[in-house]
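Participant: Hey, dropping coords-v3.txt in here, compact mmCIF, C-alpha atoms:
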```txt
# COMPACT_ATOMS: atom_id res chain seq x y z
CA MET L 1 8.12 -9.18 -13.97
CA ILE L 2 8.17 -5.69 -15.45
CA ASP L 3 11.41 -4.22 -16.75
CA SER L 4 11.66 -0.71 -15.30
CA THR L 5 14.36 0.24 -17.79
CA THR L 6 12.16 -0.42 -20.81
CA GLY L 7 8.89 0.77 -19.33
CA ARG L 8 7.00 -2.17 -20.81
CA ARG L 9 3.35 -2.46 -19.92
CA PRO L 10 2.46 -4.62 -16.92
CA CYS L 11 1.57 -8.25 -17.26
CA ILE L 12 -1.65 -8.68 -15.28
CA ALA L 13 -3.21 -12.05 -14.61
CA ARG L 14 -6.80 -12.74 -15.61
CA ARG L 15 -9.27 -14.65 -13.47
CA ALA L 16 -8.06 -18.06 -12.35
CA LEU L 17 -9.62 -20.88 -14.33
CA PRO L 18 -11.53 -23.48 -12.31
CA CYS L 19 -10.02 -26.66 -10.94
CA VAL L 20 -10.96 -29.87 -12.73
CA VAL L 21 -11.26 -32.99 -10.56
CA LEU L 22 -10.36 -36.25 -12.32
CA ALA L 23 -10.78 -39.33 -10.11
CA SER L 24 -8.30 -38.88 -7.24
CA MET L 25 -6.18 -36.33 -9.11
CA VAL L 26 -6.80 -32.57 -9.01
CA VAL L 27 -5.70 -30.67 -12.10
CA VAL L 28 -5.44 -26.90 -11.75
CA ALA L 29 -5.82 -25.06 -15.03
CA PRO L 30 -2.96 -22.57 -15.54
CA LEU L 31 -3.43 -18.86 -14.96
CA ARG L 32 -3.36 -16.54 -17.94
CA ALA L 33 -0.82 -13.74 -17.74
CA ASP L 34 -1.93 -11.48 -20.58
CA PRO L 35 -2.19 -7.72 -19.98
CA PRO L 36 -5.61 -6.07 -20.27
CA GLU L 37 -6.56 -4.66 -23.64
CA GLY L 38 -4.93 -1.39 -24.63
CA LYS L 39 -1.46 0.09 -24.26
CA TRP L 40 0.11 0.98 -20.92
CA THR L 41 2.53 3.77 -20.03
CA LEU L 42 4.76 3.82 -16.96
CA VAL L 43 3.87 7.19 -15.37
CA PHE L 44 5.56 6.90 -11.95
CA GLN L 45 8.15 4.70 -10.30
CA ASP L 46 10.44 4.72 -7.32
CA GLU L 47 13.06 1.97 -7.16
CA PHE L 48 14.55 3.47 -3.96
CA ASN L 49 18.08 3.37 -5.35
CA ALA L 50 18.93 6.99 -4.53
CA SER L 51 19.84 8.58 -1.21
CA GLY L 52 17.38 9.33 1.55
CA ASP L 53 17.43 13.02 0.56
CA GLU L 54 16.06 12.08 -2.87
CA LEU L 55 13.03 10.53 -1.17
CA ASP L 56 11.73 13.98 -0.21
CA LYS L 57 11.40 14.96 -3.89
CA ASN L 58 8.62 12.42 -4.48
CA TRP L 59 7.04 11.86 -1.06
CA HIS L 60 5.29 13.60 1.82
CA PHE L 61 5.57 12.23 5.37
CA GLN L 62 3.53 12.22 8.55
CA ASN L 63 5.26 13.99 11.43
CA GLY L 64 3.23 13.60 14.58
CA PRO L 65 0.96 11.44 16.72
CA SER L 66 -1.83 9.17 15.48
CA GLY L 67 -4.88 9.06 17.70
CA HIS L 68 -6.37 5.98 16.03
CA ILE L 69 -3.30 3.71 16.44
CA LEU L 70 -0.63 3.05 19.10
CA CYS L 71 2.31 4.85 17.45
CA SER L 72 3.29 8.32 16.34
CA ARG L 73 4.88 8.47 12.87
CA TRP L 74 7.89 10.50 11.76
CA ARG L 75 10.07 11.27 8.75
CA GLU L 76 13.11 9.93 10.64
CA ASN L 77 11.55 6.46 10.72
CA VAL L 78 11.68 6.20 6.91
CA VAL L 79 15.15 5.45 5.51
CA VAL L 80 16.62 4.31 2.19
CA GLU L 81 19.29 1.60 2.47
CA ASN L 82 20.70 -0.85 -0.08
CA GLY L 83 17.98 -0.19 -2.65
CA LEU L 84 15.13 -0.53 -0.15
CA CYS L 85 12.77 1.90 1.53
CA ARG L 86 12.59 0.79 5.18
CA ILE L 87 9.83 1.95 7.55
CA LEU L 88 11.27 1.46 11.03
CA ASN L 89 9.29 0.50 14.13
CA ARG L 90 10.74 1.60 17.46
CA LYS L 91 9.71 1.45 21.09
CA GLU L 92 10.25 5.05 22.15
CA ASN L 93 8.09 7.74 23.72
CA ARG L 94 7.43 10.50 21.23
CA GLY L 95 4.38 12.57 20.43
CA GLY L 96 2.64 11.25 23.52
CA GLN L 97 2.76 7.62 22.34
CA GLU L 98 4.94 4.64 23.32
CA TRP L 99 5.86 3.56 19.79
CA THR L 100 7.08 5.28 16.61
CA SER L 101 6.86 4.26 12.96
CA GLY L 102 6.41 5.93 9.55
CA SER L 103 3.83 6.89 6.94
CA MET L 104 4.48 8.38 3.49
CA TRP L 105 2.44 9.32 0.42
CA THR L 106 3.34 10.48 -3.08
CA LYS L 107 3.34 14.16 -3.94
CA ARG L 108 1.83 13.18 -7.27
CA GLN L 109 -1.80 12.05 -7.40
CA PHE L 110 -3.35 9.51 -9.76
CA LYS L 111 -6.75 8.58 -11.13
CA TYR L 112 -7.11 5.01 -12.44
CA GLY L 113 -4.30 2.72 -13.58
CA TYR L 114 -2.35 -0.34 -12.51
CA PHE L 115 -0.47 0.02 -9.21
CA GLU L 116 2.23 -2.44 -8.17
CA ALA L 117 4.69 -2.73 -5.28
CA ARG L 118 7.16 -5.37 -4.18
CA TYR L 119 7.61 -5.44 -0.43
CA ARG L 120 7.76 -7.61 2.66
CA PHE L 121 6.14 -7.42 6.08
CA ALA L 122 7.90 -6.83 9.38
CA PRO L 123 8.31 -10.26 11.07
CA THR L 124 5.98 -10.01 14.06
CA THR L 125 2.39 -9.49 15.12
CA GLY L 126 0.86 -6.16 16.09
CA LEU L 127 1.90 -4.34 12.90
CA ASN L 128 -0.18 -3.19 9.94
CA ASN L 129 2.15 -3.25 6.88
CA SER L 130 0.25 -1.19 4.32
CA PHE L 131 0.31 -0.35 0.60
CA TRP L 132 -2.76 1.73 -0.22
CA ILE L 133 -4.44 4.59 -2.05
CA MET L 134 -6.40 7.34 -0.27
CA THR L 135 -7.55 10.83 -1.10
CA VAL L 136 -6.01 13.55 1.06
CA ALA L 137 -7.76 16.40 2.80
CA PRO L 138 -6.92 19.88 1.44
CA ARG L 139 -3.56 21.21 2.68
CA THR L 140 -2.65 17.90 4.40
CA ALA L 141 0.64 17.56 2.53
CA LYS L 142 1.55 21.23 2.95
CA ALA L 143 0.77 21.15 6.66
CA SER L 144 2.88 18.03 7.20
CA ASN L 145 5.99 19.46 5.57
CA ALA L 146 5.58 22.88 7.19
CA GLY L 147 5.13 21.28 10.59
CA ALA L 148 8.24 19.16 10.18
CA ALA L 149 10.34 22.16 9.19
CA ALA L 150 9.13 24.15 12.18
CA GLY L 151 9.47 21.27 14.62
CA GLN L 152 5.73 21.27 15.20
CA THR L 153 3.22 18.44 15.28
CA PRO L 154 0.99 18.57 12.16
CA PRO L 155 -2.34 16.75 11.79
CA ALA L 156 -2.12 12.95 11.71
CA SER L 157 -3.10 10.95 8.63
CA LYS L 158 -6.33 9.61 10.13
CA PRO L 159 -9.04 9.81 7.43
CA VAL L 160 -11.54 12.65 7.71
CA GLU L 161 -15.05 12.44 6.28
CA GLN L 162 -15.29 14.89 3.38
CA PRO L 163 -17.13 14.87 0.03
CA GLY L 164 -15.50 12.59 -2.55
CA ARG L 165 -13.03 10.96 -0.14
CA PHE L 166 -12.25 7.25 -0.41
CA GLU L 167 -9.61 4.67 0.46
CA ILE L 168 -8.46 1.53 -1.37
CA ASP L 169 -6.28 -0.79 0.71
CA ILE L 170 -4.27 -2.83 -1.77
CA CYS L 171 -2.70 -4.73 1.12
CA GLU L 172 -2.93 -4.14 4.84
CA GLY L 173 -0.58 -6.96 5.72
CA HIS L 174 -0.56 -8.82 9.04
CA TRP L 175 2.28 -11.22 9.73
CA PRO L 176 2.69 -13.98 8.80
CA ASP L 177 0.28 -14.45 5.85
CA LYS L 178 -2.80 -12.21 6.07
CA ILE L 179 -3.65 -9.78 3.25
CA ASN L 180 -6.48 -7.38 4.10
CA MET L 181 -8.10 -5.67 1.09
CA ASN L 182 -10.57 -2.91 1.97
CA ILE L 183 -12.67 -0.24 0.30
CA HIS L 184 -13.58 2.71 2.56
CA ASN L 185 -16.07 5.47 1.87
CA TRP L 186 -14.99 8.63 3.73
CA SER L 187 -17.61 10.81 2.05
CA GLY L 188 -20.62 11.32 4.32
CA LYS L 189 -21.41 8.35 6.55
CA HIS L 190 -18.44 5.99 6.63
CA TRP L 191 -18.78 2.43 5.36
CA ALA L 192 -16.24 -0.24 4.49
CA LYS L 193 -16.18 -3.36 2.34
CA PRO L 194 -13.40 -5.68 3.57
CA LYS L 195 -12.05 -8.99 2.34
CA VAL L 196 -9.20 -11.18 3.58
CA TYR L 197 -6.87 -13.39 1.54
CA ARG L 198 -4.40 -15.73 3.23
CA ALA L 199 -1.17 -16.71 1.51
CA GLU L 200 -1.25 -20.09 3.22
CA GLY L 201 2.11 -21.69 3.85
CA LYS L 202 4.01 -18.42 3.28
CA ASP L 203 5.77 -16.15 5.72
CA LEU L 204 5.39 -12.77 4.00
CA SER L 205 8.28 -11.31 6.01
CA ARG L 206 10.91 -13.78 4.75
CA ASP L 207 10.81 -12.87 1.05
CA PHE L 208 9.58 -9.98 -1.07
CA HIS L 209 6.19 -10.37 -2.77
CA VAL L 210 4.38 -8.45 -5.49
CA PHE L 211 1.02 -6.81 -4.72
CA GLY L 212 -1.05 -5.13 -7.41
CA LEU L 213 -4.29 -3.26 -8.06
CA LEU L 214 -6.08 -2.56 -11.33
CA TRP L 215 -8.24 0.53 -10.78
CA THR L 216 -10.62 1.58 -13.55
CA ALA L 217 -13.80 3.63 -13.72
CA ASP L 218 -15.80 0.39 -13.60
CA GLU L 219 -13.97 -1.99 -11.27
CA LEU L 220 -11.20 -2.73 -8.78
CA VAL L 221 -9.09 -5.89 -9.17
CA TRP L 222 -6.49 -7.04 -6.62
CA PHE L 223 -3.48 -9.23 -7.43
CA PHE L 224 -0.95 -11.20 -5.40
CA GLU L 225 2.13 -12.47 -7.26
CA GLY L 226 0.32 -11.79 -10.56
CA ARG L 227 -2.76 -13.80 -9.59
CA GLU L 228 -6.17 -12.21 -9.18
CA ILE L 229 -7.47 -12.54 -5.62
CA ARG L 230 -10.43 -10.13 -5.59
CA ARG L 231 -12.69 -8.22 -7.99
CA GLU L 232 -15.28 -5.57 -7.10
CA PRO L 233 -17.35 -2.98 -8.99
CA ASN L 234 -16.04 0.56 -8.53
CA THR L 235 -18.89 2.61 -7.10
CA ILE L 236 -17.09 5.46 -5.28
CA CYS L 237 -13.39 5.70 -6.25
CA HIS L 238 -13.41 8.32 -8.99
CA GLY L 239 -11.10 11.11 -7.85
CA GLU L 240 -7.36 11.70 -7.78
CA ALA L 241 -5.37 10.24 -4.89
CA PRO L 242 -1.74 9.56 -3.90
CA VAL L 243 -0.11 6.20 -3.21
CA TRP L 244 0.72 5.46 0.44
CA PHE L 245 3.09 3.19 2.36
CA SER L 246 2.79 3.00 6.13
CA SER L 247 3.39 0.87 9.17
CA ALA L 248 1.17 1.05 12.25
CA VAL L 249 1.33 -0.52 15.70
CA MET L 250 -2.21 -1.69 16.45
CA LYS L 251 -4.05 -4.49 18.25
CA TRP L 252 -6.14 -5.27 15.14
CA ALA L 253 -2.93 -6.70 13.63
CA GLY L 254 -2.35 -9.12 16.52
CA GLU L 255 -0.63 -9.10 19.89
CA VAL L 256 1.54 -6.03 20.51
CA THR L 257 4.84 -7.07 22.13
CA ASP L 258 8.41 -5.81 22.48
CA LYS L 259 9.33 -7.98 19.46
CA ILE L 260 8.14 -5.03 17.34
CA ASP L 261 11.08 -2.89 18.45
CA GLY L 262 13.73 -2.68 15.72
CA THR L 263 11.67 -4.33 12.97
CA ALA L 264 10.92 -2.78 9.58
CA MET L 265 8.54 -3.03 6.66
CA GLU L 266 10.74 -3.02 3.53
CA VAL L 267 9.71 -1.82 0.04
CA ASP L 268 11.74 -2.78 -3.03
CA TYR L 269 9.83 -0.70 -5.59
CA VAL L 270 6.52 0.93 -6.50
CA ARG L 271 5.28 1.51 -10.07
CA VAL L 272 2.18 3.13 -11.54
CA TYR L 273 0.95 2.50 -15.09
CA GLN L 274 -1.89 4.18 -16.94
CA ARG L 275 -3.66 3.25 -20.14
CA ASP L 276 -3.47 5.49 -23.17
CA VAL L 277 -7.28 5.77 -23.02
CA PRO L 278 -8.17 7.54 -19.72
CA GLY L 279 -10.54 5.74 -17.36
CA LYS L 280 -9.90 2.31 -18.84
```
As structure tokens - that is how I would like this structure written.

Facilitator:
Amino acid sequence: MIDSTTGRRPCIARRALPCVVLASMVVVAPLRADPPEGKWTLVFQDEFNASGDELDKNWHFQNGPSGHILCSRWRENVVVENGLCRILNRKENRGGQEWTSGSMWTKRQFKYGYFEARYRFAPTTGLNNSFWIMTVAPRTAKASNAGAAAGQTPPASKPVEQPGRFEIDICEGHWPDKINMNIHNWSGKHWAKPKVYRAEGKDLSRDFHVFGLLWTADELVWFFEGREIRREPNTICHGEAPVWFSSAVMKWAGEVTDKIDGTAMEVDYVRVYQRDVPGK
């Protein structure tokens, strides 16, 4: 685990070594836990230890309906309590939709690095518990804050096809154990490259878990609890983008029931590291 007080570089697992089968016994070679070559610098972190008012210094928020999902999302649904950022899911009519939740993204934007968050899913189906990176359309952040201050409904955070736009889903989590990792091209004709990893035997709402992404000019590498779970060449993700956390009520995440009401996705921390040599 990384010590936020010292700012030490992250310890990122390499590829898992193959299993070796000996007679009736299966021996799993241990994972390496060496960081990639080069020095790392901690360039952004939020441990969510301050008050809710402090949250607004680092984050933008959606304030309005979401046409592509079943909930509207609001600043009031994101709270800081006991060192956690909690995105609350409620059954209430607002913004023309029957459910409310929250979506937030950093005011600062990043290009390449190692991105890590420790969080846990809300404990029911029908929710997309997300940690992701996506470029924002011009003036999106400004419009969201201005709309909130004026009591208006700003544009939702649904992606819009524009030149250079992309999305990297580090984890779109579906209770109890499903980790969806997606690459989306929002520049020109949309396409997506999905992959699913299941944390078999785990309920990802009971405990906090660490999700990570190594993003370089050449490749994208996903990690769960320090172990590599996916690797892809980077063909489109070469611009600056903020880090997002969001919860969404949607049928893709399973059956939507009243059990959603009162649940929360909870984030312990988020940290961003960059190498001393840009693009590496």

Participant: So which one's closest to His174 (chain L), L:Phe110, L:Phe131, L:Tyr269, L:Trp191? Using only C-alpha atoms, please.

Facilitator: L:Phe131

Participant: Point out the residue among L:Tyr119, L:Phe211, L:Tyr273, L:Trp175 with the least atom-to-atom distance to Glu225 (chain L), counting all atoms listed in the file.

Facilitator: L:Phe211

Participant: From the list L:Cys85, L:Val80, L:Ala122, L:Leu127, which residue is nearest Lys251 (chain L) when using all atoms listed in the file?

Facilitator: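 That would be L:Leu127, the residue with the smallest distance to Lys251 (chain L).
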
Participant: As AutoDock Vina command-line options, please: the centre and edge lengths in Å, to one decimal, of an axis-aligned box enclosing every listed atom of region 100-116 of chain L with 3 Å added on each side.

Facilitator:
```
--center_x 0.0 --center_y 5.9 --center_z 1.5 --size_x 20.2 --size_y 22.6 --size_z 36.2
```

Participant: Would you give me, as JSON lines, each residue of region 174-265 of chain L having an atom within 10 Å of an atom of region 91-106 of chain L, along with its shortest atom pair and that distance in Å to one decimal, using all atoms listed in the file and sorting by chain and residue number?

Facilitator:
```
{"residue": "L:Ala241", "atom": "CA", "partner": "L:Thr106", "partner_atom": "CA", "distance": 8.9}
{"residue": "L:Pro242", "atom": "CA", "partner": "L:Thr106", "partner_atom": "CA", "distance": 5.2}
{"residue": "L:Val243", "atom": "CA", "partner": "L:Trp105", "partner_atom": "CA", "distance": 5.4}
{"residue": "L:Trp244", "atom": "CA", "partner": "L:Trp105", "partner_atom": "CA", "distance": 4.2}
{"residue": "L:Phe245", "atom": "CA", "partner": "L:Met104", "partner_atom": "CA", "distance": 5.5}
{"residue": "L:Ser246", "atom": "CA", "partner": "L:Ser103", "partner_atom": "CA", "distance": 4.1}
{"residue": "L:Ser247", "atom": "CA", "partner": "L:Gly102", "partner_atom": "CA", "distance": 5.9}
{"residue": "L:Ala248", "atom": "CA", "partner": "L:Ser101", "partner_atom": "CA", "distance": 6.6}
{"residue": "L:Val249", "atom": "CA", "partner": "L:Trp99", "partner_atom": "CA", "distance": 7.3}
{"residue": "L:Thr257", "atom": "CA", "partner": "L:Lys91", "partner_atom": "CA", "distance": 9.9}
{"residue": "L:Asp258", "atom": "CA", "partner": "L:Lys91", "partner_atom": "CA", "distance": 7.5}
{"residue": "L:Lys259", "atom": "CA", "partner": "L:Lys91", "partner_atom": "CA", "distance": 9.6}
{"residue": "L:Ile260", "atom": "CA", "partner": "L:Lys91", "partner_atom": "CA", "distance": 7.6}
{"residue": "L:Asp261", "atom": "CA", "partner": "L:Lys91", "partner_atom": "CA", "distance": 5.3}
{"residue": "L:Gly262", "atom": "CA", "partner": "L:Lys91", "partner_atom": "CA", "distance": 7.9}
{"residue": "L:Thr263", "atom": "CA", "partner": "L:Ser101", "partner_atom": "CA", "distance": 9.8}
{"residue": "L:Ala264", "atom": "CA", "partner": "L:Ser101", "partner_atom": "CA", "distance": 8.8}
{"residue": "L:Met265", "atom": "CA", "partner": "L:Gly102", "partner_atom": "CA", "distance": 9.7}
```

Participant: Around the point (-4.0, 4.4, -2.7) (coordinates from the file), which residues reach within 12 Å if we count all atoms listed in the file? Answer as a PyMOL selection string.

Facilitator: chain L and resi 104-106+108-117+130-136+165-172+181-184+212-215+220+237-246+270+272

Participant: Here is a test: counting only C-alpha atoms, which residue of L:Trp74, L:Phe208, L:Trp40, L:Trp186 is nearest to Ile236 (chain L)?

Facilitator: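 Counting only C-alpha atoms, the residue closest to Ile236 (chain L) is L:Trp186.
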
Participant: Quick one: pull the distance between CA of Gly201 (chain L) and CA of Glu266 (chain L), Å, one decimal.

Facilitator: 20.6 Å

Participant: State, in Å with one decimal place, the distance from CA of Asp268 (chain L) to CA of Asn128 (chain L).

Facilitator: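 According to the coordinates, CA of Asp268 (chain L) and CA of Asn128 (chain L) are separated by 17.6 Å.
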
Participant: May I ask for the distance between CA of Pro194 (chain L) and CA of Asn180 (chain L), given in Å to one decimal place?

Facilitator: 7.1 Å

Participant: For Ala50 (chain L), which residue among L:Asn63, L:Cys71, L:Asn82, L:Phe223 is the nearest when counting only C-alpha atoms?

Facilitator: L:Asn82

Participant: Pick from L:Leu70, L:Leu42, L:Arg86, L:Pro176: nearest to Asp207 (chain L), with all atoms listed in the file counted?

Facilitator: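 Among the listed residues, the smallest separation from Asp207 (chain L) belongs to L:Pro176.
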